[in-house]
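Colleague: To be precise about what I am sending: the file is called structure_35.txt and holds compact mmCIF, C-alpha atoms.
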```
# COMPACT_ATOMS: atom_id res chain seq x y z
CA MET A 60 0.00 0.00 0.00
CA CYS A 61 1.43 3.40 -1.01
CA THR A 62 1.44 6.13 1.60
CA ILE A 63 0.03 9.59 0.97
CA PRO A 64 2.66 11.86 -0.58
CA PHE A 65 2.07 14.96 1.57
CA THR A 66 -0.07 16.79 4.09
CA GLY A 67 -0.62 20.54 4.06
CA SER A 68 -0.39 22.90 1.10
CA GLY A 69 0.58 21.60 -2.30
CA VAL A 70 0.92 24.39 -4.84
CA ALA A 71 -0.67 23.83 -8.23
CA ILE A 72 2.23 25.73 -9.72
CA ILE A 73 1.92 27.88 -12.83
CA THR A 74 4.23 27.32 -15.78
CA PRO A 75 6.16 30.48 -16.71
CA PHE A 76 6.50 31.07 -20.44
CA ARG A 77 8.72 33.38 -22.46
CA ASP A 78 8.64 33.69 -26.25
CA GLY A 79 6.41 30.65 -26.49
CA LYS A 80 8.67 28.33 -24.49
CA ILE A 81 8.93 27.33 -20.83
CA ASN A 82 11.08 29.81 -18.94
CA PHE A 83 13.04 27.29 -16.88
CA ASP A 84 15.10 29.93 -15.09
CA LYS A 85 11.91 31.51 -13.80
CA LEU A 86 10.44 28.12 -12.93
CA GLY A 87 13.55 27.45 -10.87
CA GLU A 88 13.10 30.75 -9.02
CA LEU A 89 9.48 29.90 -8.24
CA LEU A 90 10.40 26.44 -6.98
CA GLU A 91 13.02 27.90 -4.62
CA MET A 92 10.50 30.49 -3.44
CA HIS A 93 8.05 27.73 -2.52
CA VAL A 94 10.65 25.73 -0.62
CA ALA A 95 11.65 28.87 1.29
CA ASN A 96 8.02 29.73 2.12
CA SER A 97 6.87 26.39 3.57
CA THR A 98 4.94 24.97 0.63
CA ASP A 99 4.50 21.29 1.46
CA ALA A 100 4.52 19.87 -2.09
CA ILE A 101 4.91 20.95 -5.71
CA VAL A 102 2.19 19.90 -8.14
CA ILE A 103 3.70 20.40 -11.59
CA CYS A 104 1.88 20.26 -14.93
CA GLY A 105 -1.64 20.39 -13.60
CA THR A 106 -4.50 22.56 -14.81
CA THR A 107 -2.91 25.69 -13.37
CA GLY A 108 0.32 24.76 -15.13
CA GLU A 109 -1.44 24.76 -18.52
CA ALA A 110 -0.46 21.14 -19.13
CA SER A 111 -3.30 20.71 -21.63
CA ALA A 112 -1.43 23.09 -23.95
CA MET A 113 1.86 21.18 -23.73
CA PRO A 114 3.07 18.38 -25.97
CA ASP A 115 4.24 15.31 -24.06
CA SER A 116 7.92 16.11 -24.62
CA GLU A 117 7.59 19.52 -22.99
CA HIS A 118 5.31 18.18 -20.26
CA LEU A 119 7.90 15.58 -19.27
CA GLU A 120 10.74 18.09 -19.56
CA ALA A 121 8.99 20.34 -17.02
CA ILE A 122 8.52 17.39 -14.67
CA ALA A 123 12.16 16.29 -15.02
CA TYR A 124 13.41 19.82 -14.35
CA THR A 125 11.24 20.12 -11.23
CA VAL A 126 12.40 16.80 -9.79
CA ASP A 127 16.03 17.74 -10.41
CA LYS A 128 15.63 21.23 -8.95
CA ILE A 129 13.75 20.17 -5.82
CA LYS A 130 16.15 17.30 -5.09
CA GLY A 131 13.86 15.59 -2.61
CA ARG A 132 13.41 18.60 -0.30
CA ILE A 133 9.62 18.42 -0.63
CA PRO A 134 7.44 15.99 -2.61
CA VAL A 135 6.87 16.55 -6.33
CA ILE A 136 3.50 15.45 -7.69
CA ALA A 137 3.17 15.29 -11.47
CA GLY A 138 0.02 15.89 -13.43
CA ALA A 139 -0.28 12.89 -15.72
CA GLY A 140 -3.97 12.52 -16.54
CA SER A 141 -5.64 12.14 -19.91
CA ASN A 142 -9.03 11.42 -21.44
CA ASP A 143 -7.30 8.63 -23.38
CA THR A 144 -6.60 5.83 -20.92
CA GLN A 145 -3.56 4.48 -22.73
CA HIS A 146 -2.11 7.99 -22.99
CA GLY A 147 -2.68 8.41 -19.26
CA VAL A 148 -0.88 5.12 -18.62
CA LYS A 149 2.07 6.21 -20.76
CA LEU A 150 2.38 9.65 -19.13
CA SER A 151 2.11 8.12 -15.66
CA MET A 152 4.80 5.57 -16.36
CA GLU A 153 7.13 8.19 -17.83
CA ALA A 154 6.60 10.51 -14.86
CA GLU A 155 7.37 7.65 -12.47
CA LYS A 156 10.64 7.01 -14.31
CA LEU A 157 11.57 10.67 -13.79
CA GLY A 158 11.43 10.21 -10.02
CA VAL A 159 8.25 12.00 -8.95
CA ASP A 160 6.77 11.24 -5.54
CA GLY A 161 3.22 10.89 -6.80
CA LEU A 162 0.80 11.48 -9.65
CA LEU A 163 -2.25 13.71 -10.06
CA SER A 164 -4.68 12.06 -12.47
CA VAL A 165 -7.65 14.07 -13.72
CA THR A 166 -10.92 12.40 -14.68
CA PRO A 167 -11.31 11.79 -18.42
CA TYR A 168 -12.66 15.02 -19.89
CA TYR A 169 -15.00 15.48 -22.86
CA ASN A 170 -15.67 11.72 -23.17
CA LYS A 171 -18.00 11.97 -20.12
CA THR A 172 -17.68 8.31 -19.27
CA THR A 173 -19.82 6.34 -16.82
CA GLN A 174 -18.86 5.46 -13.26
CA LYS A 175 -17.89 2.01 -14.53
CA GLY A 176 -15.70 3.65 -17.15
CA LEU A 177 -14.05 5.82 -14.50
CA TYR A 178 -13.31 2.74 -12.43
CA LEU A 179 -11.80 0.86 -15.35
CA HIS A 180 -9.80 3.91 -16.49
CA TYR A 181 -8.17 4.47 -13.12
CA MET A 182 -7.58 0.81 -12.40
CA GLU A 183 -5.74 0.51 -15.71
CA ILE A 184 -3.43 3.37 -14.74
CA ALA A 185 -3.01 2.07 -11.20
CA LYS A 186 -1.78 -1.35 -12.29
CA HIS A 187 1.04 0.18 -14.36
CA VAL A 188 2.70 2.34 -11.67
CA ASN A 189 4.07 1.81 -8.19
CA ILE A 190 3.82 5.33 -6.78
CA PRO A 191 0.90 7.12 -5.10
CA ILE A 192 -1.92 8.38 -7.32
CA ILE A 193 -4.14 11.30 -6.33
CA LEU A 194 -7.33 11.35 -8.37
CA TYR A 195 -8.49 14.79 -9.53
CA ASN A 196 -12.24 15.33 -9.43
CA VAL A 197 -13.19 18.61 -11.12
CA PRO A 198 -16.57 18.14 -12.82
CA SER A 199 -16.90 21.83 -13.78
CA ARG A 200 -14.03 21.29 -16.23
CA THR A 201 -14.39 17.65 -17.19
CA GLY A 202 -18.13 17.08 -17.22
CA VAL A 203 -17.88 13.97 -15.03
CA ASN A 204 -18.00 13.50 -11.27
CA ILE A 205 -16.38 10.69 -9.29
CA GLN A 206 -19.16 9.43 -7.04
CA PRO A 207 -18.08 8.56 -3.47
CA GLU A 208 -19.15 4.95 -4.01
CA THR A 209 -16.87 4.73 -7.06
CA LEU A 210 -14.03 6.23 -5.06
CA LEU A 211 -14.59 3.57 -2.40
CA LYS A 212 -14.09 0.84 -4.99
CA LEU A 213 -11.02 2.59 -6.41
CA SER A 214 -9.45 2.84 -2.95
CA GLU A 215 -8.93 -0.92 -3.09
CA ALA A 216 -6.03 -0.31 -5.51
CA ASP A 217 -2.73 -0.11 -3.62
CA THR A 218 -1.54 2.93 -5.55
CA ILE A 219 -4.73 5.04 -5.37
CA VAL A 220 -4.29 6.92 -2.11
CA GLY A 221 -5.84 10.35 -2.52
CA ILE A 222 -8.33 12.64 -4.20
CA LYS A 223 -8.19 16.30 -5.07
CA GLU A 224 -11.85 17.06 -4.47
CA ALA A 225 -12.79 20.10 -6.54
CA SER A 226 -16.48 19.50 -7.06
CA GLY A 227 -17.27 22.56 -4.94
CA ASN A 228 -19.79 20.36 -3.14
CA MET A 229 -19.11 20.18 0.58
CA SER A 230 -21.84 17.60 1.01
CA GLN A 231 -19.95 15.29 -1.35
CA ALA A 232 -16.67 15.93 0.48
CA THR A 233 -18.39 15.04 3.75
CA LYS A 234 -19.80 11.86 2.25
CA ILE A 235 -16.32 10.88 1.02
CA ALA A 236 -14.97 11.35 4.55
CA ALA A 237 -17.85 9.38 6.07
CA LEU A 238 -17.62 6.55 3.56
CA LEU A 239 -13.86 6.16 3.29
CA GLY A 240 -12.38 7.60 6.48
CA ASP A 241 -8.60 7.16 6.38
CA ARG A 242 -8.71 4.86 3.34
CA ILE A 243 -8.21 7.89 1.12
CA ALA A 244 -6.45 11.23 1.65
CA MET A 245 -8.75 14.05 0.62
CA TYR A 246 -7.27 17.36 -0.51
CA SER A 247 -9.39 20.42 -1.10
CA GLY A 248 -9.28 21.47 -4.73
CA ASP A 249 -10.93 24.79 -3.91
CA ASP A 250 -9.07 27.48 -1.98
CA ASP A 251 -12.27 28.84 -0.46
CA MET A 252 -12.96 25.42 1.12
CA ILE A 253 -9.61 24.51 2.67
CA LEU A 254 -10.79 24.70 6.26
CA PRO A 255 -14.17 23.01 5.69
CA VAL A 256 -12.45 20.06 4.00
CA LEU A 257 -9.85 19.83 6.76
CA SER A 258 -12.65 19.86 9.33
CA VAL A 259 -14.07 16.57 8.01
CA GLY A 260 -10.68 14.87 7.86
CA GLY A 261 -8.96 16.34 4.81
CA LYS A 262 -5.18 16.21 4.60
CA GLY A 263 -4.59 19.55 2.91
CA VAL A 264 -5.11 21.49 -0.29
CA ILE A 265 -3.82 21.54 -3.83
CA SER A 266 -3.84 25.28 -4.18
CA VAL A 267 -3.90 28.07 -6.74
CA LEU A 268 -3.70 30.71 -4.00
CA ALA A 269 -0.34 29.28 -2.88
CA ASN A 270 1.25 30.63 -6.06
CA ILE A 271 1.07 34.12 -4.56
CA LEU A 272 0.63 33.37 -0.83
CA PRO A 273 2.60 30.18 -0.18
CA GLN A 274 3.34 30.74 3.49
CA GLU A 275 -0.19 31.83 4.28
CA THR A 276 -1.77 28.86 2.51
CA HIS A 277 0.55 26.52 4.38
CA ASP A 278 -0.36 28.32 7.61
CA ILE A 279 -4.09 27.66 7.17
CA CYS A 280 -3.34 23.94 7.18
CA GLU A 281 -0.60 24.07 9.81
CA ASN A 282 -2.74 26.02 12.26
CA PHE A 283 -5.60 23.60 11.81
CA PHE A 284 -3.38 20.58 12.42
CA ALA A 285 -1.86 22.27 15.48
CA GLY A 286 -5.30 22.94 16.96
CA ASN A 287 -5.14 26.72 16.39
CA LEU A 288 -8.58 26.74 14.85
CA GLU A 289 -9.30 30.43 15.32
CA GLU A 290 -6.10 31.45 13.51
CA ALA A 291 -6.86 29.01 10.68
CA ARG A 292 -10.37 30.46 10.42
CA LYS A 293 -9.08 34.03 10.31
CA LEU A 294 -6.70 33.24 7.48
CA GLN A 295 -9.33 31.35 5.48
CA LEU A 296 -11.73 34.27 5.74
CA LYS A 297 -9.09 36.97 5.17
CA TYR A 298 -8.31 35.64 1.72
CA TYR A 299 -11.84 34.66 0.69
CA ASP A 300 -12.43 37.62 -1.63
CA LEU A 301 -8.97 37.31 -3.15
CA VAL A 302 -9.63 33.64 -3.89
CA LYS A 303 -12.84 34.63 -5.66
CA ALA A 304 -10.91 37.19 -7.70
CA LEU A 305 -8.41 34.51 -8.70
CA PHE A 306 -11.30 32.72 -10.39
CA ILE A 307 -13.06 35.75 -11.89
CA GLU A 308 -11.95 34.33 -15.23
CA VAL A 309 -10.97 30.76 -15.93
CA ASN A 310 -7.91 29.51 -14.04
CA PRO A 311 -4.98 30.13 -14.55
CA ILE A 312 -5.66 33.45 -16.29
CA PRO A 313 -6.11 35.50 -13.09
CA VAL A 314 -3.29 33.91 -11.06
CA LYS A 315 -0.79 34.48 -13.84
CA GLU A 316 -1.99 38.06 -14.15
CA ALA A 317 -1.67 38.46 -10.38
CA MET A 318 1.87 37.16 -10.42
CA ASN A 319 2.83 39.53 -13.19
CA LEU A 320 1.24 42.44 -11.31
CA LEU A 321 3.27 41.44 -8.25
CA GLY A 322 6.51 41.46 -10.23
CA TYR A 323 7.13 37.74 -10.71
CA GLU A 324 7.39 38.17 -14.50
CA VAL A 325 5.94 34.74 -15.33
CA GLY A 326 5.08 35.69 -18.88
CA GLU A 327 2.14 35.00 -21.11
CA LEU A 328 -0.59 32.41 -21.30
CA ARG A 329 -0.94 29.92 -24.11
CA LEU A 330 -3.91 30.11 -26.43
CA PRO A 331 -6.74 29.44 -26.14
CA LEU A 332 -6.18 31.18 -22.78
CA CYS A 333 -5.61 34.89 -23.17
CA ALA A 334 -5.10 38.12 -21.23
CA MET A 335 -7.74 39.27 -18.74
CA GLU A 336 -10.46 41.77 -19.48
CA ASP A 337 -9.52 45.21 -18.13
CA LYS A 338 -12.45 45.41 -15.70
CA ASN A 339 -11.53 42.05 -14.18
CA ARG A 340 -7.87 43.01 -13.92
CA GLU A 341 -8.86 46.04 -11.86
CA LYS A 342 -10.95 43.90 -9.51
CA LEU A 343 -8.01 41.54 -9.10
CA ARG A 344 -5.62 44.43 -8.49
CA TYR A 345 -7.95 45.78 -5.81
CA GLU A 346 -8.10 42.46 -3.95
CA LEU A 347 -4.33 41.99 -4.10
CA GLU A 348 -3.80 45.41 -2.56
CA ARG A 349 -6.59 44.90 -0.02
CA VAL A 350 -4.73 41.97 1.56
CA GLY A 351 -1.50 43.97 1.71
CA LEU A 352 0.31 42.77 -1.41
CA THR A 353 2.37 45.34 -3.35
CA ILE A 354 1.64 45.89 -7.02
CA LYS A 355 4.86 46.35 -8.97
CA LYS A 356 3.48 46.55 -12.48
```
Can you present the structure in this file as structure tokens?
Modeller:
Amino acid sequence: MCTIPFTGSGVAIITPFRDGKINFDKLGELLEMHVANSTDAIVICGTTGEASAMPDSEHLEAIAYTVDKIKGRIPVIAGAGSNDTQHGVKLSMEAEKLGVDGLLSVTPYYNKTTQKGLYLHYMEIAKHVNIPIILYNVPSRTGVNIQPETLLKLSEADTIVGIKEASGNMSQATKIAALLGDRIAMYSGDDDMILPVLSVGGKGVISVLANILPQETHDICENFFAGNLEEARKLQLKYYDLVKALFIEVNPIPVKEAMNLLGYEVGELRLPLCAMEDKNREKLRYELERVGLTIKK
């Protein structure tokens, strides 16, 4: 049985681009920033990392660079999902060879398979790797929801140890906790629900917010685990409106814009994602300044 790869705040890290290519120097800077600011794990090449706009060669190059740069200081989780099961198997196996500590595997998108299809898809991936797999449930993007009963069946696989629960449905998260208990590690996939998910037994968050507030996102989790519930609550509520602003347009458009406004110089998005509307940029700017962050651009 694989163990869970991390507890606390795993950053769903953006991918910095320059002139159409990955800016590896900047990625290295961001990785060091996260290590220095208590991020508990790096999640590379997920949705926030624009992995869907990367060919496999570039995807794997980003993973390999991250593993080499981190050098075991904190866990590295690689996005390796696909709506083509055999492609998902291949990506997962390649990521394992590169030395990642775990995999994040999104539900098959567009196909909109059945619960039986989800089970067969994930079991096929699980039997080809020997490292922990975190399932990624995000029905707003994929059009399919992993039902708690399906997750219970999937938890029988030795390598399936966690779920990034981003349904936005706290009732479902509670049912997962009630049905599975410690058989599965549940991570909040929504930054506005970190504390509620932790309160029913969650192990942490895979976070967009952590790209700009790594220490603070870690601290929400750390305070909860330490029993400092009031401090955890204050932090969750303090950043609520900023979290909403980070999703005022589809992720990762706002978080990349925020990072550029804050001086990180992470570059452009890849089409079909594009620059923010001016009115939304101003709302984002306002929320960044409201929580005490300094606009540099």
Colleague: Contacts between stretch 146-149 of chain A and stretch 167-241 of chain A, please, where a residue of stretch 167-241 of chain A counts if it comes within 9 Å (with all atoms listed in the file); show its shortest atom pair and distance in Å to one decimal, rows by chain and ascending number, as a Markdown table.
Modeller:
```
| residue | atom | partner | partner_atom | distance |
| --- | --- | --- | --- | --- |
| A:His180 | CA | A:Gly147 | CA | 8.9 |
| A:Glu183 | CA | A:Val148 | CA | 7.3 |
| A:Ile184 | CA | A:Val148 | CA | 5.0 |
| A:Ala185 | CA | A:Val148 | CA | 8.3 |
| A:His187 | CA | A:Val148 | CA | 6.8 |
| A:Val188 | CA | A:Val148 | CA | 8.3 |
```
Colleague: From the list A:Ser116, A:Thr173, A:Ser164, A:Ser230, which residue is nearest A:Thr218 when using only C-alpha atoms?
Modeller: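 Of the candidates, the smallest distance to A:Thr218 is held by A:Ser164.
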Colleague: To one decimal place, how far is atom CA of A:Pro134 from atom CA of A:Ser266 in Å?
Modeller: 14.7 Å
Colleague: Set the distance at 8 Å and use all atoms listed in the file: which residues neighbour A:Val159 once local chain neighbours fewer than 5 positions away are removed? I'd like the list as a list of chain:residue names.
Modeller: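 So, after excluding close chain neighbours, the residues are A:Ile122, A:Val126, A:Pro134, A:Val135, A:Ile136, A:Ala137, A:Ala154.
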Colleague: Write to file, as a compact mmCIF listing (two decimals), in the frame of the given file, the residues of the selection just made, with C-alpha atoms.
Modeller:
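Okay, result_6.txt is ready:
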```txt
# COMPACT_ATOMS: atom_id res chain seq x y z
CA ILE A 122 8.52 17.39 -14.67
CA VAL A 126 12.40 16.80 -9.79
CA PRO A 134 7.44 15.99 -2.61
CA VAL A 135 6.87 16.55 -6.33
CA ILE A 136 3.50 15.45 -7.69
CA ALA A 137 3.17 15.29 -11.47
CA ALA A 154 6.60 10.51 -14.86
```
Colleague: So how far away is atom CA of A:Ala317 from atom CA of A:Leu90, in Å?
Modeller: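 Straight-line distance from atom CA of A:Leu90 to atom CA of A:Ala317 works out to 17.4 Å.
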Colleague: Tell me, as an MDAnalysis selection string, which residues lie within 10 Å of A:Ile354, counting only C-alpha atoms; anything in the same chain fewer than 4 positions away does not count.
Modeller: chainID A and resid 317:322 344:345 347:348
Colleague: Grab the atom CA of A:Glu275 to atom CA of A:Leu343 distance for me, in Å with one decimal place.
Modeller: 18.3 Å
Colleague: Could you list, as a ChimeraX atom specification, every residue within 12 Å of stretch 325-331 of chain A, counting all atoms listed in the file and ignoring same-chain residues fewer than 6 positions away?
Modeller: /A:72-89,107-113,270-271,309-319
Colleague: List as a PyMOL selection string the protein and nucleic acid residues near A:Leu238, meaning an atom at most 10 Å away when only C-alpha atoms are counted, but skip any in the same chain fewer than 6 places from it.
Modeller: chain A and resi 207-208+210-211+232
Colleague: Determine the nearest neighbour of A:Ser68 from the options A:Val350, A:Val165, A:Leu296, A:Leu254, counting only C-alpha atoms.
Modeller: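 Among the listed residues, the smallest separation from A:Ser68 belongs to A:Leu254.
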Colleague: Could you list, as a list in words, every residue within 7 Å of A:Ala71, counting all atoms listed in the file and ignoring same-chain residues fewer than 6 positions away?
Modeller: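 Here the qualifying residues turn out to be Ile101, Val102, Ile103, Gly105, Thr107, Ile265, Ser266 and Val267 of chain A.
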Colleague: Quick one: of A:Lys156, A:Lys223, A:Arg132, A:Thr106, who's nearest to A:Leu332, counting all atoms listed in the file?
Modeller: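 Under the stated criterion, the closest residue is A:Thr106.
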Colleague: From the options A:Thr353, A:Lys342, A:His277, A:Tyr181, which residue's atoms come nearest to A:Gln145, counting all atoms listed in the file?
Modeller: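 For A:Gln145, the nearest of the candidates is A:Tyr181.
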Colleague: Have a look at A:Leu213, A:Cys61, A:Leu157, A:Ile205 and name the one nearest to A:Leu179; count only C-alpha atoms.
Modeller: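 Closest candidate: A:Leu213.
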Colleague: Looking at A:Cys333, A:Met152, A:Val70, A:Leu194, which one is nearest to A:Gly221, with distances taken over only C-alpha atoms?
Modeller: A:Leu194
Colleague: Quick one: stretch 245-256 of chain A with all heavy atoms, as a PDB file, in the first residue's frame?
Modeller:
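New file selection30.pdb:
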```pdb
ATOM      1  N   MET A 245      -7.996  13.063   1.384  1.00  0.00           N
ATOM      2  CA  MET A 245      -8.750  14.052   0.622  1.00  0.00           C
ATOM      3  C   MET A 245      -8.066  15.410   0.726  1.00  0.00           C
ATOM      4  O   MET A 245      -7.760  15.890   1.821  1.00  0.00           O
ATOM      5  CB  MET A 245     -10.186  14.134   1.131  1.00  0.00           C
ATOM      6  CG  MET A 245     -11.035  15.132   0.359  1.00  0.00           C
ATOM      7  SD  MET A 245     -12.828  14.938   0.641  1.00  0.00           S
ATOM      8  CE  MET A 245     -12.927  14.913   2.429  1.00  0.00           C
ATOM      9  N   TYR A 246      -7.836  16.021  -0.439  1.00  0.00           N
ATOM     10  CA  TYR A 246      -7.266  17.358  -0.508  1.00  0.00           C
ATOM     11  C   TYR A 246      -8.319  18.291  -1.102  1.00  0.00           C
ATOM     12  O   TYR A 246      -8.957  17.952  -2.111  1.00  0.00           O
ATOM     13  CB  TYR A 246      -6.018  17.386  -1.394  1.00  0.00           C
ATOM     14  CG  TYR A 246      -4.914  16.475  -0.931  1.00  0.00           C
ATOM     15  CD1 TYR A 246      -4.782  15.184  -1.448  1.00  0.00           C
ATOM     16  CD2 TYR A 246      -4.007  16.885   0.032  1.00  0.00           C
ATOM     17  CE1 TYR A 246      -3.780  14.333  -1.025  1.00  0.00           C
ATOM     18  CE2 TYR A 246      -2.994  16.032   0.464  1.00  0.00           C
ATOM     19  CZ  TYR A 246      -2.886  14.767  -0.068  1.00  0.00           C
ATOM     20  OH  TYR A 246      -1.885  13.921   0.357  1.00  0.00           O
ATOM     21  N   SER A 247      -8.481  19.448  -0.511  1.00  0.00           N
ATOM     22  CA  SER A 247      -9.388  20.423  -1.099  1.00  0.00           C
ATOM     23  C   SER A 247      -8.823  20.883  -2.437  1.00  0.00           C
ATOM     24  O   SER A 247      -7.643  21.215  -2.546  1.00  0.00           O
ATOM     25  CB  SER A 247      -9.566  21.633  -0.175  1.00  0.00           C
ATOM     26  OG  SER A 247     -10.392  22.604  -0.804  1.00  0.00           O
ATOM     27  N   GLY A 248      -9.682  20.910  -3.448  1.00  0.00           N
ATOM     28  CA  GLY A 248      -9.285  21.474  -4.731  1.00  0.00           C
ATOM     29  C   GLY A 248      -9.796  22.875  -4.919  1.00  0.00           C
ATOM     30  O   GLY A 248      -9.649  23.456  -5.996  1.00  0.00           O
ATOM     31  N   ASP A 249     -10.376  23.439  -3.866  1.00  0.00           N
ATOM     32  CA  ASP A 249     -10.932  24.793  -3.905  1.00  0.00           C
ATOM     33  C   ASP A 249     -10.360  25.586  -2.740  1.00  0.00           C
ATOM     34  O   ASP A 249     -10.522  25.189  -1.574  1.00  0.00           O
ATOM     35  CB  ASP A 249     -12.459  24.752  -3.804  1.00  0.00           C
ATOM     36  CG  ASP A 249     -13.093  24.003  -4.963  1.00  0.00           C
ATOM     37  OD1 ASP A 249     -13.031  24.510  -6.097  1.00  0.00           O
ATOM     38  OD2 ASP A 249     -13.639  22.908  -4.738  1.00  0.00           O
ATOM     39  N   ASP A 250      -9.712  26.703  -3.040  1.00  0.00           N
ATOM     40  CA  ASP A 250      -9.065  27.481  -1.982  1.00  0.00           C
ATOM     41  C   ASP A 250     -10.038  28.112  -1.007  1.00  0.00           C
ATOM     42  O   ASP A 250      -9.651  28.467   0.110  1.00  0.00           O
ATOM     43  CB  ASP A 250      -8.174  28.560  -2.602  1.00  0.00           C
ATOM     44  CG  ASP A 250      -6.880  27.994  -3.164  1.00  0.00           C
ATOM     45  OD1 ASP A 250      -6.180  27.271  -2.438  1.00  0.00           O
ATOM     46  OD2 ASP A 250      -6.563  28.277  -4.333  1.00  0.00           O
ATOM     47  N   ASP A 251     -11.295  28.276  -1.396  1.00  0.00           N
ATOM     48  CA  ASP A 251     -12.273  28.835  -0.460  1.00  0.00           C
ATOM     49  C   ASP A 251     -12.873  27.768   0.454  1.00  0.00           C
ATOM     50  O   ASP A 251     -13.710  28.074   1.298  1.00  0.00           O
ATOM     51  CB  ASP A 251     -13.384  29.577  -1.212  1.00  0.00           C
ATOM     52  CG  ASP A 251     -14.164  28.684  -2.165  1.00  0.00           C
ATOM     53  OD1 ASP A 251     -13.730  27.541  -2.401  1.00  0.00           O
ATOM     54  OD2 ASP A 251     -15.195  29.150  -2.694  1.00  0.00           O
ATOM     55  N   MET A 252     -12.415  26.506   0.302  1.00  0.00           N
ATOM     56  CA  MET A 252     -12.964  25.419   1.115  1.00  0.00           C
ATOM     57  C   MET A 252     -11.872  24.629   1.832  1.00  0.00           C
ATOM     58  O   MET A 252     -12.094  23.489   2.240  1.00  0.00           O
ATOM     59  CB  MET A 252     -13.799  24.479   0.236  1.00  0.00           C
ATOM     60  CG  MET A 252     -15.077  25.114  -0.269  1.00  0.00           C
ATOM     61  SD  MET A 252     -16.000  24.065  -1.435  1.00  0.00           S
ATOM     62  CE  MET A 252     -16.289  22.618  -0.435  1.00  0.00           C
ATOM     63  N   ILE A 253     -10.705  25.232   2.013  1.00  0.00           N
ATOM     64  CA  ILE A 253      -9.613  24.507   2.672  1.00  0.00           C
ATOM     65  C   ILE A 253     -10.038  24.062   4.071  1.00  0.00           C
ATOM     66  O   ILE A 253      -9.961  22.875   4.414  1.00  0.00           O
ATOM     67  CB  ILE A 253      -8.338  25.362   2.767  1.00  0.00           C
ATOM     68  CG1 ILE A 253      -7.872  25.804   1.386  1.00  0.00           C
ATOM     69  CG2 ILE A 253      -7.224  24.581   3.487  1.00  0.00           C
ATOM     70  CD1 ILE A 253      -6.731  26.813   1.417  1.00  0.00           C
ATOM     71  N   LEU A 254     -10.454  25.017   4.871  1.00  0.00           N
ATOM     72  CA  LEU A 254     -10.787  24.704   6.260  1.00  0.00           C
ATOM     73  C   LEU A 254     -11.987  23.771   6.386  1.00  0.00           C
ATOM     74  O   LEU A 254     -11.949  22.822   7.180  1.00  0.00           O
ATOM     75  CB  LEU A 254     -11.015  26.006   7.039  1.00  0.00           C
ATOM     76  CG  LEU A 254     -11.005  25.898   8.558  1.00  0.00           C
ATOM     77  CD1 LEU A 254      -9.732  25.232   9.070  1.00  0.00           C
ATOM     78  CD2 LEU A 254     -11.159  27.293   9.177  1.00  0.00           C
ATOM     79  N   PRO A 255     -13.073  23.975   5.614  1.00  0.00           N
ATOM     80  CA  PRO A 255     -14.172  23.009   5.693  1.00  0.00           C
ATOM     81  C   PRO A 255     -13.738  21.584   5.361  1.00  0.00           C
ATOM     82  O   PRO A 255     -14.170  20.634   6.033  1.00  0.00           O
ATOM     83  CB  PRO A 255     -15.174  23.548   4.660  1.00  0.00           C
ATOM     84  CG  PRO A 255     -14.934  25.010   4.640  1.00  0.00           C
ATOM     85  CD  PRO A 255     -13.450  25.161   4.815  1.00  0.00           C
ATOM     86  N   VAL A 256     -12.896  21.416   4.347  1.00  0.00           N
ATOM     87  CA  VAL A 256     -12.446  20.063   3.995  1.00  0.00           C
ATOM     88  C   VAL A 256     -11.563  19.491   5.100  1.00  0.00           C
ATOM     89  O   VAL A 256     -11.689  18.323   5.472  1.00  0.00           O
ATOM     90  CB  VAL A 256     -11.734  20.062   2.631  1.00  0.00           C
ATOM     91  CG1 VAL A 256     -11.041  18.725   2.369  1.00  0.00           C
ATOM     92  CG2 VAL A 256     -12.734  20.359   1.510  1.00  0.00           C
TER      93      VAL A 256
END
```
